[in-house]
file final00.cif (mmCIF, C-alpha atoms)
data_start
loop_
_atom_site.label_atom_id
_atom_site.label_comp_id
_atom_site.auth_asym_id
_atom_site.auth_seq_id
_atom_site.Cartn_x
_atom_site.Cartn_y
_atom_site.Cartn_z
CA MET A 729 -112.05 -61.53 75.95
CA ILE A 730 -113.66 -59.33 78.59
CA LEU A 731 -116.76 -61.14 79.82
CA GLY A 732 -119.54 -59.58 81.89
CA ILE A 733 -121.38 -61.94 84.23
CA ILE A 734 -124.71 -61.13 85.88
CA PRO A 735 -125.49 -63.81 88.52
CA ALA A 736 -129.19 -64.11 89.29
CA ARG A 737 -130.53 -67.12 91.14
CA GLY A 738 -134.23 -67.56 91.77
CA GLY A 739 -134.13 -67.98 95.53
CA SER A 740 -133.96 -64.97 97.86
CA LYS A 741 -134.81 -64.85 101.55
CA GLY A 742 -134.59 -61.11 102.27
CA ILE A 743 -136.84 -60.09 99.37
CA PRO A 744 -138.68 -62.96 97.67
CA ARG A 745 -138.04 -63.09 93.89
CA LYS A 746 -135.74 -60.09 94.37
CA ASN A 747 -134.00 -60.25 90.99
CA ILE A 748 -137.26 -59.69 89.11
CA LYS A 749 -139.02 -57.42 91.61
CA LYS A 750 -140.07 -54.22 89.84
CA LEU A 751 -137.84 -51.21 90.41
CA ARG A 752 -139.30 -48.16 88.66
CA ASN A 753 -141.44 -50.48 86.53
CA LYS A 754 -138.49 -52.62 85.45
CA PRO A 755 -137.42 -56.01 86.82
CA LEU A 756 -134.38 -55.42 89.03
CA ILE A 757 -132.15 -57.47 86.75
CA GLN A 758 -133.03 -55.30 83.77
CA TRP A 759 -130.99 -52.41 85.16
CA SER A 760 -127.82 -54.52 85.09
CA ILE A 761 -128.59 -55.96 81.66
CA GLU A 762 -129.11 -52.50 80.20
CA ALA A 763 -125.88 -51.23 81.78
CA ALA A 764 -123.97 -54.19 80.34
CA ARG A 765 -125.48 -53.60 76.90
CA GLU A 766 -124.39 -49.96 77.00
CA SER A 767 -120.77 -50.89 77.77
CA LYS A 768 -118.37 -50.48 74.86
CA LEU A 769 -115.58 -52.48 76.49
CA LEU A 770 -117.41 -55.70 77.37
CA ASP A 771 -116.91 -58.16 74.53
CA ARG A 772 -119.77 -60.34 75.75
CA PHE A 773 -122.03 -60.66 78.76
CA ILE A 774 -124.21 -63.43 80.14
CA VAL A 775 -126.83 -63.96 82.82
CA SER A 776 -126.15 -67.02 84.98
CA THR A 777 -129.37 -68.35 86.50
CA ASP A 778 -131.17 -71.47 87.65
CA ASP A 779 -134.59 -69.87 87.28
CA ARG A 780 -136.81 -70.19 84.19
CA GLU A 781 -138.63 -66.90 84.71
CA ILE A 782 -135.40 -64.97 85.18
CA ALA A 783 -133.97 -66.70 82.12
CA SER A 784 -137.04 -65.79 80.04
CA ILE A 785 -137.01 -62.15 81.13
CA SER A 786 -133.27 -61.87 80.51
CA SER A 787 -133.54 -63.47 77.09
CA ASP A 788 -136.40 -61.13 76.13
CA LEU A 789 -134.13 -58.22 77.08
CA GLY A 790 -131.47 -59.46 74.68
CA ALA A 791 -129.16 -61.10 77.21
CA GLU A 792 -127.40 -64.39 76.65
CA VAL A 793 -128.42 -66.87 79.35
CA LEU A 794 -126.31 -69.66 80.81
CA ASP A 795 -128.04 -72.29 82.93
CA ARG A 796 -126.63 -72.57 86.42
CA PRO A 797 -126.32 -76.01 88.07
CA SER A 798 -128.69 -76.56 90.99
CA GLU A 799 -125.79 -77.18 93.39
CA LEU A 800 -124.60 -73.62 92.70
CA SER A 801 -128.02 -72.08 93.37
CA THR A 802 -128.15 -72.56 97.13
CA ASP A 803 -127.57 -70.01 99.91
CA SER A 804 -124.21 -71.65 100.63
CA ALA A 805 -122.87 -71.46 97.07
CA THR A 806 -120.12 -68.86 96.72
CA THR A 807 -119.91 -66.24 93.99
CA VAL A 808 -116.45 -67.52 93.08
CA SER A 809 -117.85 -71.01 92.47
CA VAL A 810 -120.51 -69.54 90.17
CA LEU A 811 -117.94 -67.54 88.20
CA LYS A 812 -115.68 -70.58 88.01
CA SER A 813 -118.51 -72.64 86.52
CA VAL A 814 -119.06 -69.99 83.83
CA LEU A 815 -115.38 -70.22 82.88
CA ASP A 816 -115.88 -73.95 82.38
CA HIS A 817 -118.16 -73.04 79.45
CA ILE A 818 -116.79 -69.72 78.21
CA ASP A 819 -113.14 -68.84 77.75
CA ALA A 820 -112.38 -65.31 78.95
CA SER A 821 -109.25 -63.55 80.12
CA ILE A 822 -111.06 -60.95 82.24
CA ILE A 823 -114.35 -61.24 84.13
CA VAL A 824 -116.53 -58.28 85.09
CA LEU A 825 -119.02 -59.20 87.81
CA LEU A 826 -122.25 -57.17 87.74
CA GLN A 827 -124.55 -58.10 90.60
CA PRO A 828 -128.24 -57.20 90.06
CA THR A 829 -128.43 -55.98 93.66
CA SER A 830 -126.40 -52.89 92.64
CA PRO A 831 -128.57 -51.46 89.86
CA ILE A 832 -127.17 -47.92 89.67
CA ARG A 833 -124.38 -47.81 87.07
CA ILE A 834 -124.73 -44.52 85.21
CA ASP A 835 -122.16 -42.32 83.42
CA ASN A 836 -120.33 -45.30 81.88
CA LEU A 837 -119.32 -46.67 85.28
CA ILE A 838 -118.63 -50.14 83.88
CA ASP A 839 -116.25 -48.87 81.20
CA LYS A 840 -114.56 -46.51 83.66
CA ALA A 841 -113.84 -49.47 85.93
CA ILE A 842 -112.55 -51.58 83.03
CA GLN A 843 -110.33 -48.70 81.83
CA ARG A 844 -108.94 -48.30 85.35
CA PHE A 845 -108.23 -52.03 85.54
CA LEU A 846 -106.53 -52.16 82.15
CA SER A 847 -104.42 -49.09 82.95
CA GLU A 848 -102.69 -51.03 85.73
CA LYS A 849 -100.80 -53.79 83.91
CA LEU A 850 -100.12 -55.80 87.06
CA ALA A 851 -103.67 -55.56 88.40
CA ASP A 852 -105.41 -58.90 88.87
CA SER A 853 -108.58 -57.81 90.67
CA LEU A 854 -110.64 -54.67 91.23
CA ALA A 855 -113.53 -53.71 93.47
CA THR A 856 -115.55 -50.53 93.62
CA GLY A 857 -116.37 -49.11 97.02
CA TYR A 858 -115.79 -46.33 99.53
CA THR A 859 -113.89 -45.46 102.69
CA SER A 860 -115.95 -46.61 105.66
CA HIS A 861 -115.65 -45.10 109.12
CA HIS A 862 -117.93 -47.67 110.77
CA PHE A 863 -116.45 -49.51 113.69
CA LYS A 864 -117.70 -51.74 116.46
CA TRP A 865 -119.03 -49.70 119.37
CA GLY A 866 -116.29 -49.32 121.93
CA ALA A 867 -113.44 -50.07 119.53
CA PHE A 868 -112.36 -46.43 119.82
CA GLU A 869 -112.91 -43.67 122.33
CA ASN A 870 -115.38 -40.93 121.41
CA LEU A 871 -113.29 -39.48 118.58
CA PRO A 872 -114.40 -37.20 115.74
CA ARG A 873 -115.22 -39.18 112.60
CA GLN A 874 -112.60 -37.24 110.63
CA SER A 875 -109.82 -38.44 112.92
CA LEU A 876 -110.52 -42.12 112.17
CA LYS A 877 -108.52 -43.48 109.26
CA GLY A 878 -111.29 -45.80 108.10
CA PHE A 879 -110.99 -48.72 105.69
CA PHE A 880 -111.95 -49.52 102.12
CA HIS A 881 -115.32 -51.26 101.92
CA ASP A 882 -116.25 -53.00 98.67
CA ASP A 883 -119.80 -51.96 97.79
CA GLY A 884 -120.77 -54.88 95.52
CA ASN A 885 -121.30 -52.72 92.44
CA ILE A 886 -118.46 -53.84 90.15
CA TYR A 887 -115.75 -56.47 90.54
CA ILE A 888 -113.15 -57.29 87.90
CA PHE A 889 -110.88 -60.33 87.91
CA ARG A 890 -108.20 -61.92 85.79
CA SER A 891 -109.66 -65.32 85.03
CA LYS A 892 -106.68 -67.07 86.66
CA ILE A 893 -107.75 -65.62 90.03
CA ILE A 894 -111.20 -67.18 89.75
CA LYS A 895 -109.80 -70.48 88.49
CA GLN A 896 -107.63 -70.57 91.60
CA GLY A 897 -110.81 -70.18 93.68
CA ARG A 898 -109.79 -66.76 95.00
CA TRP A 899 -111.90 -63.63 95.60
CA ILE A 900 -109.04 -61.15 95.58
CA GLY A 901 -105.66 -61.28 93.87
CA ASP A 902 -102.16 -60.22 94.89
CA ASN A 903 -102.42 -56.90 93.06
CA PRO A 904 -105.92 -55.53 93.76
CA ILE A 905 -107.28 -52.10 92.85
CA LYS A 906 -109.56 -50.24 95.24
CA MET A 907 -111.73 -47.96 93.11
CA GLU A 908 -113.60 -45.41 95.19
CA ILE A 909 -116.85 -44.22 93.59
CA PRO A 910 -119.57 -41.70 94.56
CA SER A 911 -122.04 -42.70 97.26
CA ILE A 912 -125.02 -42.93 94.86
CA TYR A 913 -123.52 -46.23 93.67
CA ASN A 914 -122.75 -47.70 97.08
CA ILE A 915 -126.09 -49.15 98.19
CA GLU A 916 -126.44 -52.90 97.73
CA ILE A 917 -129.97 -54.30 97.97
CA ASP A 918 -130.34 -56.94 100.67
CA ASP A 919 -133.64 -55.85 102.23
CA LEU A 920 -136.64 -53.62 101.50
CA SER A 921 -135.18 -50.52 103.12
CA GLU A 922 -132.27 -50.63 100.67
CA PHE A 923 -134.68 -51.31 97.81
CA TRP A 924 -136.63 -48.16 98.73
CA ALA A 925 -133.40 -46.16 99.09
CA ILE A 926 -132.24 -47.21 95.61
CA GLU A 927 -135.65 -46.33 94.19
CA GLY A 928 -135.43 -42.86 95.75
CA ILE A 929 -131.98 -42.26 94.24
CA LEU A 930 -133.15 -43.41 90.81
CA ASN A 931 -136.21 -41.17 91.03
CA ARG A 932 -134.00 -38.17 91.78
CA LEU A 933 -131.50 -39.03 89.00
CA ILE A 934 -134.21 -39.58 86.38
CA GLU A 935 -136.14 -36.43 87.38
CA LYS A 936 -132.91 -34.45 87.14
CA ASP A 937 -132.31 -35.63 83.56
CA SER A 938 -135.91 -35.11 82.39
#

call {"tool": "encode", "arguments": {"input": "final00.cif", "output": "structure tokens"}}
result
Amino acid sequence: MILGIIPARGGSKGIPRKNIKKLRNKPLIQWSIEAARESKLLDRFIVSTDDREIASISSDLGAEVLDRPSELSTDSATTVSVLKSVLDHIDASIIVLLQPTSPIRIDNLIDKAIQRFLSEKLADSLATGYTSHHFKWGAFENLPRQSLKGFFHDDGNIYIFRSKIIKQGRWIGDNPIKMEIPSIYNIEIDDLSEFWAIEGILNRLIEKDS
């Protein structure tokens, strides 16, 4: 089974109640729920939360909700530990992690990532992202950006794992796939400036289609 997991705890320091803050008149989490519902390759998806309001909103939107233990709802709890706890309740061979903080997933992005993952028989993990040319100041002389090789930066939008990787407590497997995607998907919401940037992109995308 291919299981989608949307982790959404109630606490958030950067933006209070971030997962249900309105983004274009929808709670932030709704964007991820709708994207998961539109996927044709997810067999099932759940919202993992410790928060009653998030659970109620998610349920009203047609999502299955799994209660998250309080010890996995702190700032120090890792995403792997949350995913591992879900596997204690639901048996799945492949997990697709959909974080609410990356709400832009248009043009069947979820299914494209799953198809890419399944096409590589040895693949055990996948992350979407982009080639970053950001480096610590002084790490290189004043070189043109194009001359720097850069590195793959995972953007937080989609992660896919074989369940054995999560059960082993690992974030990346031995045969990972780096899936580069367009920059409109790359912003991950941690503070208000990123929230506003995402809103601007969505406004432009929706106006373009209308």

call {"tool": "residues_around", "arguments": {"input": "final00.cif", "residues": "region 874-891 of chain A", "least_positions_apart": "6", "cutoff": "8 Å", "atoms": "all atoms listed in the file", "output": "MDAnalysis selection string"}}
result
chainID A and resid 815 820:827 829:831 833 838 841:842 845 852:862 900:901 906 913:916

call {"tool": "resolve_selection", "arguments": {"input": "final00.cif", "expression": "the PyMOL selection byres ((chain A and resi 776-784) around 8)", "output": "number ranges by chain"}}
result
A: 733-738, 747-748, 774-775, 785-788, 793-798, 801, 814

call {"tool": "atom_distance", "arguments": {"input": "final00.cif", "atom1": "CA of Arg765 (chain A)", "atom2": "CA of Pro744 (chain A)"}}
result
26.3 Å

call {"tool": "atom_distance", "arguments": {"input": "final00.cif", "atom1": "CA of Asn903 (chain A)", "atom2": "CA of Leu850 (chain A)"}}
result
6.5 Å

call {"tool": "closest_residue", "arguments": {"input": "final00.cif", "among": "A:Ser740, A:Thr807, A:Ser813, A:Gln843", "to": "Ile917 (chain A)", "atoms": "all atoms listed in the file"}}
result
A:Ser740

call {"tool": "closest_residue", "arguments": {"input": "final00.cif", "among": "A:Ser804, A:Glu799, A:Asp835, A:Leu770", "to": "Pro910 (chain A)", "atoms": "all atoms listed in the file"}}
result
A:Asp835

call {"tool": "closest_residue", "arguments": {"input": "final00.cif", "among": "A:Glu922, A:Glu927, A:Glu792, A:Glu848", "to": "Ile905 (chain A)", "atoms": "all atoms listed in the file"}}
result
A:Glu848

call {"tool": "atom_distance", "arguments": {"input": "final00.cif", "atom1": "CA of Asp918 (chain A)", "atom2": "CA of Ile743 (chain A)"}}
result
7.3 Å

call {"tool": "closest_residue", "arguments": {"input": "final00.cif", "among": "A:Glu935, A:Arg745, A:Ser809, A:Gly732", "to": "Phe773 (chain A)", "atoms": "all atoms listed in the file"}}
result
A:Gly732

call {"tool": "closest_residue", "arguments": {"input": "final00.cif", "among": "A:Ile893, A:Ser767, A:Gly739, A:Ala851", "to": "Leu800 (chain A)", "atoms": "all atoms listed in the file"}}
result
A:Gly739

call {"tool": "resolve_selection", "arguments": {"input": "final00.cif", "expression": "the PyMOL selection byres ((chain A and resi 752) around 10)", "output": "PyMOL selection string"}}
result
chain A and resi 749-751+753-756+759+926-928+930-931

call {"tool": "build_atoms", "arguments": {"input": "final00.cif", "residues": "region 798-830 of chain A", "atoms": "N, CA and C atoms", "output": "short mmCIF file (atom, residue, chain, number, x, y, z; two decimals), keeping the file's coordinate frame"}}
result
data_model
loop_
_atom_site.label_atom_id
_atom_site.label_comp_id
_atom_site.auth_asym_id
_atom_site.auth_seq_id
_atom_site.Cartn_x
_atom_site.Cartn_y
_atom_site.Cartn_z
N SER A 798 -127.91 -76.70 89.76
CA SER A 798 -128.69 -76.56 90.99
C SER A 798 -127.80 -76.49 92.23
N GLU A 799 -126.67 -77.19 92.21
CA GLU A 799 -125.79 -77.18 93.39
C GLU A 799 -125.11 -75.82 93.60
N LEU A 800 -125.17 -74.96 92.57
CA LEU A 800 -124.60 -73.62 92.70
C LEU A 800 -125.69 -72.56 92.85
N SER A 801 -126.88 -73.00 93.22
CA SER A 801 -128.02 -72.08 93.37
C SER A 801 -128.55 -72.06 94.79
N THR A 802 -127.75 -72.53 95.73
CA THR A 802 -128.15 -72.56 97.13
C THR A 802 -127.59 -71.34 97.87
N ASP A 803 -128.07 -71.12 99.09
CA ASP A 803 -127.57 -70.01 99.91
C ASP A 803 -126.09 -70.16 100.22
N SER A 804 -125.61 -71.42 100.25
CA SER A 804 -124.21 -71.65 100.63
C SER A 804 -123.24 -71.57 99.46
N ALA A 805 -123.75 -71.52 98.24
CA ALA A 805 -122.87 -71.46 97.07
C ALA A 805 -122.18 -70.10 97.02
N THR A 806 -120.88 -70.11 96.76
CA THR A 806 -120.12 -68.86 96.72
C THR A 806 -120.17 -68.24 95.32
N THR A 807 -119.96 -66.93 95.28
CA THR A 807 -119.91 -66.24 93.99
C THR A 807 -118.74 -66.75 93.16
N VAL A 808 -117.62 -67.02 93.81
CA VAL A 808 -116.45 -67.52 93.08
C VAL A 808 -116.77 -68.84 92.40
N SER A 809 -117.50 -69.72 93.08
CA SER A 809 -117.85 -71.01 92.47
C SER A 809 -118.75 -70.83 91.25
N VAL A 810 -119.64 -69.83 91.31
CA VAL A 810 -120.51 -69.54 90.17
C VAL A 810 -119.69 -69.02 89.00
N LEU A 811 -118.78 -68.09 89.26
CA LEU A 811 -117.94 -67.54 88.20
C LEU A 811 -117.04 -68.63 87.61
N LYS A 812 -116.54 -69.49 88.46
CA LYS A 812 -115.68 -70.58 88.01
C LYS A 812 -116.44 -71.51 87.07
N SER A 813 -117.70 -71.75 87.37
CA SER A 813 -118.51 -72.64 86.52
C SER A 813 -118.76 -72.01 85.16
N VAL A 814 -118.89 -70.68 85.11
CA VAL A 814 -119.06 -69.99 83.83
C VAL A 814 -117.81 -70.16 82.98
N LEU A 815 -116.64 -70.06 83.61
CA LEU A 815 -115.38 -70.22 82.88
C LEU A 815 -115.19 -71.63 82.35
N ASP A 816 -115.91 -72.59 82.91
CA ASP A 816 -115.88 -73.95 82.38
C ASP A 816 -116.54 -74.03 81.00
N HIS A 817 -117.42 -73.05 80.72
CA HIS A 817 -118.16 -73.04 79.45
C HIS A 817 -117.69 -71.95 78.49
N ILE A 818 -117.17 -70.86 79.03
CA ILE A 818 -116.79 -69.72 78.21
C ILE A 818 -115.36 -69.31 78.55
N ASP A 819 -114.53 -69.23 77.54
CA ASP A 819 -113.14 -68.84 77.75
C ASP A 819 -113.02 -67.32 77.75
N ALA A 820 -112.54 -66.76 78.84
CA ALA A 820 -112.38 -65.31 78.95
C ALA A 820 -111.12 -65.02 79.73
N SER A 821 -110.47 -63.92 79.40
CA SER A 821 -109.25 -63.55 80.12
C SER A 821 -109.57 -62.64 81.31
N ILE A 822 -110.65 -61.87 81.18
CA ILE A 822 -111.06 -60.95 82.24
C ILE A 822 -112.56 -61.09 82.48
N ILE A 823 -112.94 -61.14 83.74
CA ILE A 823 -114.35 -61.24 84.13
C ILE A 823 -114.77 -59.95 84.83
N VAL A 824 -115.93 -59.44 84.43
CA VAL A 824 -116.53 -58.28 85.09
C VAL A 824 -117.82 -58.73 85.74
N LEU A 825 -117.85 -58.75 87.06
CA LEU A 825 -119.02 -59.20 87.81
C LEU A 825 -119.97 -58.04 88.05
N LEU A 826 -121.22 -58.21 87.61
CA LEU A 826 -122.25 -57.17 87.74
C LEU A 826 -123.43 -57.76 88.50
N GLN A 827 -123.49 -57.52 89.80
CA GLN A 827 -124.55 -58.10 90.60
C GLN A 827 -125.84 -57.27 90.45
N PRO A 828 -126.97 -57.93 90.23
CA PRO A 828 -128.24 -57.20 90.06
C PRO A 828 -128.62 -56.35 91.26
N THR A 829 -128.09 -56.70 92.43
CA THR A 829 -128.43 -55.98 93.66
C THR A 829 -127.79 -54.60 93.74
N SER A 830 -126.97 -54.25 92.74
CA SER A 830 -126.40 -52.89 92.64
C SER A 830 -126.80 -52.32 91.29
#
